[in-house]
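Undergrad: Quick one: the structure is below, questions incoming.
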Amino acid sequence: MRSIFKLNTERPRVRSNVIVLVCVMSFAFLGLTQGVAKEAAKNHVITIENMTFTPSTVQIQSGDQLTFKNADLVPHTATSKQGQAFDSGIIKPGDSWTVTPHGNATIEFACTFHPTMTGKVTFVTRP
């Protein structure tokens with residue numbers, strides 16, 4: 001017995017082209033958002049050791065973070081010299097402190113316990 005229903009195995013070309021286009025656009029969008037994520041804020045680590053900040057000068061962009069890690073044997077602070085940009089309070093040996101400084105000028109900082117320990121944060125604009 002012959003069936004009166006015919007199975008259509010052909011796909012319309014327009015529909016398959018739209019599906020391919022949507023897939024390509026999705027992958028492109030994901031690539032763009034990952035590219036934006038790569039340009040997201042960074043965390044710059046400043047190590048406190050041997051009575052110095054290393055590195056002593058850091059260039060950051062707006063939104064970046066600074067983490068001060070105390071790898072020294074004594075407590076220290078990371079305190080901005082002008083205004084109240086940031087003040088870590090006491091950072092005990094082995095501890096760290098993170099801040100997101102705001103501004104567009106250079107911020108000089110020092111350890112309040114050891115004023116000869118100094119550093120500088122300079123803001124740069126994102127390309």
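Every chain in the structure tokens has a letter given in the order shown (A, B, ...), and although residue numbers restart at 1 in each chain, ligands are simply numbered from 1 in the order shown.
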If you count only C-alpha atoms, which residues fall within 9 Å of Asp95 (chain A), apart from same-chain ones fewer than 3 positions away, as a PyMOL selection string?

TA: chain A and resi 68-71+91-92

Undergrad: Taking 4 positions as the minimum chain separation for residues in the same chain, which residues sit within 8 Å of Asn43 (chain A) when counting only C-alpha atoms? Answer as a PyMOL selection string.

TA: chain A and resi 64-67

Undergrad: Tell me which protein, DNA and RNA residues are within 8 Å of region 115-122 of chain A, counting only C-alpha atoms, leaving out same-chain ones fewer than 2 positions away, and put them as a PyMOL selection string.

TA: chain A and resi 51-53+55-60+104-113+124

Undergrad: Measuring between only C-alpha atoms, which one of A:Asp87, A:Thr79, A:Gln61, A:Gly94 shows the shortest distance to Ile48 (chain A)?

TA: A:Gly94

Undergrad: Quick one: everything within 9 Å of His102 (chain A), counting only C-alpha atoms, minus sequence neighbours fewer than 2 positions away in the same chain. Send it as a JSON list (two decimals) with C-alpha atoms, in the first residue's frame.

TA:
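Output below, filename selection02.json:
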```json
[["chain", "number", "residue", "atom", "x", "y", "z"],
["A", 62, "SER", "CA", 40.42, 54.25, 36.69],
["A", 63, "GLY", "CA", 38.73, 51.29, 38.37],
["A", 64, "ASP", "CA", 41.93, 49.29, 38.89],
["A", 85, "ALA", "CA", 42.74, 59.01, 48.90],
["A", 100, "THR", "CA", 40.35, 50.96, 44.46],
["A", 104, "ASN", "CA", 43.03, 61.44, 37.93],
["A", 123, "PHE", "CA", 46.47, 57.36, 36.77]]
```

Undergrad: Between A:Ala40, A:His114, A:Trp97, A:Thr47, which one has atoms that come closest to Asp72 (chain A), using only C-alpha atoms?

TA: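 Looking only at the distances to Asp72 (chain A), the closest residue turns out to be A:Thr47.
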
Undergrad: Work out how far apart CA of Thr77 (chain A) and CA of Lys42 (chain A) are and give it in Å to one decimal.

TA: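 Answer for the CA of Thr77 (chain A) to CA of Lys42 (chain A) separation: 21.8 Å.
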
Undergrad: Considering only C-alpha atoms, can you say which of A:Thr125, A:Ser88, A:Pro93, A:Val45 comes closest to Pro75 (chain A)?

TA: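 Of all the options, A:Pro93 lies closest to Pro75 (chain A).
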
Undergrad: Among the residues of region 28-91 of chain A, find those DSSP assigns to strand (DSSP E) from the backbone and print them as a list in words.

TA: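 Secondary structure check on region 28-91 of chain A, strand (DSSP E): Asn43, His44, Val45, Ile46, Thr47, Ile48, Glu49, Thr52, Phe53, Thr54, Thr57, Val58, Gln59, Ile60, Gln61, Gln65, Leu66, Thr67, Phe68, Lys69, Asn70, Thr79 and Ser80 of chain A.
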
Undergrad: Okay, now the selection with N, CA and C atoms, as a PDB file, in the first residue's frame?

TA:
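Dumped everything to result_10.pdb:
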```pdb
ATOM      1  N   ASN A  43      44.142  44.195  38.962  1.00  0.00           N
ATOM      2  CA  ASN A  43      44.608  44.277  40.337  1.00  0.00           C
ATOM      3  C   ASN A  43      46.132  44.327  40.307  1.00  0.00           C
ATOM      4  N   HIS A  44      46.702  45.427  40.776  1.00  0.00           N
ATOM      5  CA  HIS A  44      48.141  45.615  40.830  1.00  0.00           C
ATOM      6  C   HIS A  44      48.611  45.291  42.248  1.00  0.00           C
ATOM      7  N   VAL A  45      49.603  44.427  42.363  1.00  0.00           N
ATOM      8  CA  VAL A  45      50.103  44.018  43.679  1.00  0.00           C
ATOM      9  C   VAL A  45      51.381  44.782  43.992  1.00  0.00           C
ATOM     10  N   ILE A  46      51.386  45.385  45.165  1.00  0.00           N
ATOM     11  CA  ILE A  46      52.575  46.073  45.678  1.00  0.00           C
ATOM     12  C   ILE A  46      53.021  45.290  46.910  1.00  0.00           C
ATOM     13  N   THR A  47      54.222  44.764  46.843  1.00  0.00           N
ATOM     14  CA  THR A  47      54.747  43.973  47.953  1.00  0.00           C
ATOM     15  C   THR A  47      55.540  44.878  48.888  1.00  0.00           C
ATOM     16  N   ILE A  48      55.292  44.720  50.165  1.00  0.00           N
ATOM     17  CA  ILE A  48      56.028  45.460  51.193  1.00  0.00           C
ATOM     18  C   ILE A  48      57.043  44.481  51.777  1.00  0.00           C
ATOM     19  N   GLU A  49      58.314  44.761  51.517  1.00  0.00           N
ATOM     20  CA  GLU A  49      59.356  43.855  51.979  1.00  0.00           C
ATOM     21  C   GLU A  49      60.670  44.612  52.081  1.00  0.00           C
ATOM     22  N   THR A  52      60.524  48.472  51.974  1.00  0.00           N
ATOM     23  CA  THR A  52      60.248  49.173  50.726  1.00  0.00           C
ATOM     24  C   THR A  52      58.926  48.693  50.127  1.00  0.00           C
ATOM     25  N   PHE A  53      58.343  49.541  49.282  1.00  0.00           N
ATOM     26  CA  PHE A  53      57.194  49.174  48.463  1.00  0.00           C
ATOM     27  C   PHE A  53      57.749  48.755  47.098  1.00  0.00           C
ATOM     28  N   THR A  54      57.377  47.566  46.628  1.00  0.00           N
ATOM     29  CA  THR A  54      57.849  47.094  45.327  1.00  0.00           C
ATOM     30  C   THR A  54      56.673  46.623  44.481  1.00  0.00           C
ATOM     31  N   THR A  57      56.527  52.670  42.126  1.00  0.00           N
ATOM     32  CA  THR A  57      55.696  53.497  41.250  1.00  0.00           C
ATOM     33  C   THR A  57      54.803  52.583  40.420  1.00  0.00           C
ATOM     34  N   VAL A  58      53.502  52.883  40.418  1.00  0.00           N
ATOM     35  CA  VAL A  58      52.530  52.059  39.696  1.00  0.00           C
ATOM     36  C   VAL A  58      51.660  52.956  38.836  1.00  0.00           C
ATOM     37  N   GLN A  59      51.449  52.552  37.597  1.00  0.00           N
ATOM     38  CA  GLN A  59      50.503  53.250  36.725  1.00  0.00           C
ATOM     39  C   GLN A  59      49.230  52.417  36.664  1.00  0.00           C
ATOM     40  N   ILE A  60      48.104  53.059  36.987  1.00  0.00           N
ATOM     41  CA  ILE A  60      46.829  52.347  36.981  1.00  0.00           C
ATOM     42  C   ILE A  60      45.825  53.119  36.134  1.00  0.00           C
ATOM     43  N   GLN A  61      44.757  52.444  35.809  1.00  0.00           N
ATOM     44  CA  GLN A  61      43.648  53.072  35.112  1.00  0.00           C
ATOM     45  C   GLN A  61      42.483  53.161  36.090  1.00  0.00           C
ATOM     46  N   GLN A  65      42.513  48.092  40.892  1.00  0.00           N
ATOM     47  CA  GLN A  65      42.731  47.905  42.323  1.00  0.00           C
ATOM     48  C   GLN A  65      44.223  47.830  42.631  1.00  0.00           C
ATOM     49  N   LEU A  66      44.560  48.212  43.848  1.00  0.00           N
ATOM     50  CA  LEU A  66      45.907  48.038  44.377  1.00  0.00           C
ATOM     51  C   LEU A  66      45.810  47.096  45.563  1.00  0.00           C
ATOM     52  N   THR A  67      46.648  46.088  45.592  1.00  0.00           N
ATOM     53  CA  THR A  67      46.731  45.209  46.753  1.00  0.00           C
ATOM     54  C   THR A  67      48.111  45.361  47.352  1.00  0.00           C
ATOM     55  N   PHE A  68      48.162  45.747  48.610  1.00  0.00           N
ATOM     56  CA  PHE A  68      49.416  45.875  49.342  1.00  0.00           C
ATOM     57  C   PHE A  68      49.588  44.605  50.166  1.00  0.00           C
ATOM     58  N   LYS A  69      50.659  43.837  49.871  1.00  0.00           N
ATOM     59  CA  LYS A  69      50.948  42.589  50.592  1.00  0.00           C
ATOM     60  C   LYS A  69      52.159  42.806  51.484  1.00  0.00           C
ATOM     61  N   ASN A  70      51.982  42.592  52.765  1.00  0.00           N
ATOM     62  CA  ASN A  70      53.086  42.777  53.694  1.00  0.00           C
ATOM     63  C   ASN A  70      53.871  41.474  53.833  1.00  0.00           C
ATOM     64  N   THR A  79      49.467  54.706  53.244  1.00  0.00           N
ATOM     65  CA  THR A  79      48.654  55.884  53.509  1.00  0.00           C
ATOM     66  C   THR A  79      49.003  56.993  52.529  1.00  0.00           C
ATOM     67  N   SER A  80      47.979  57.529  51.868  1.00  0.00           N
ATOM     68  CA  SER A  80      48.239  58.613  50.918  1.00  0.00           C
ATOM     69  C   SER A  80      48.711  59.841  51.680  1.00  0.00           C
TER      70      SER A  80
END
```
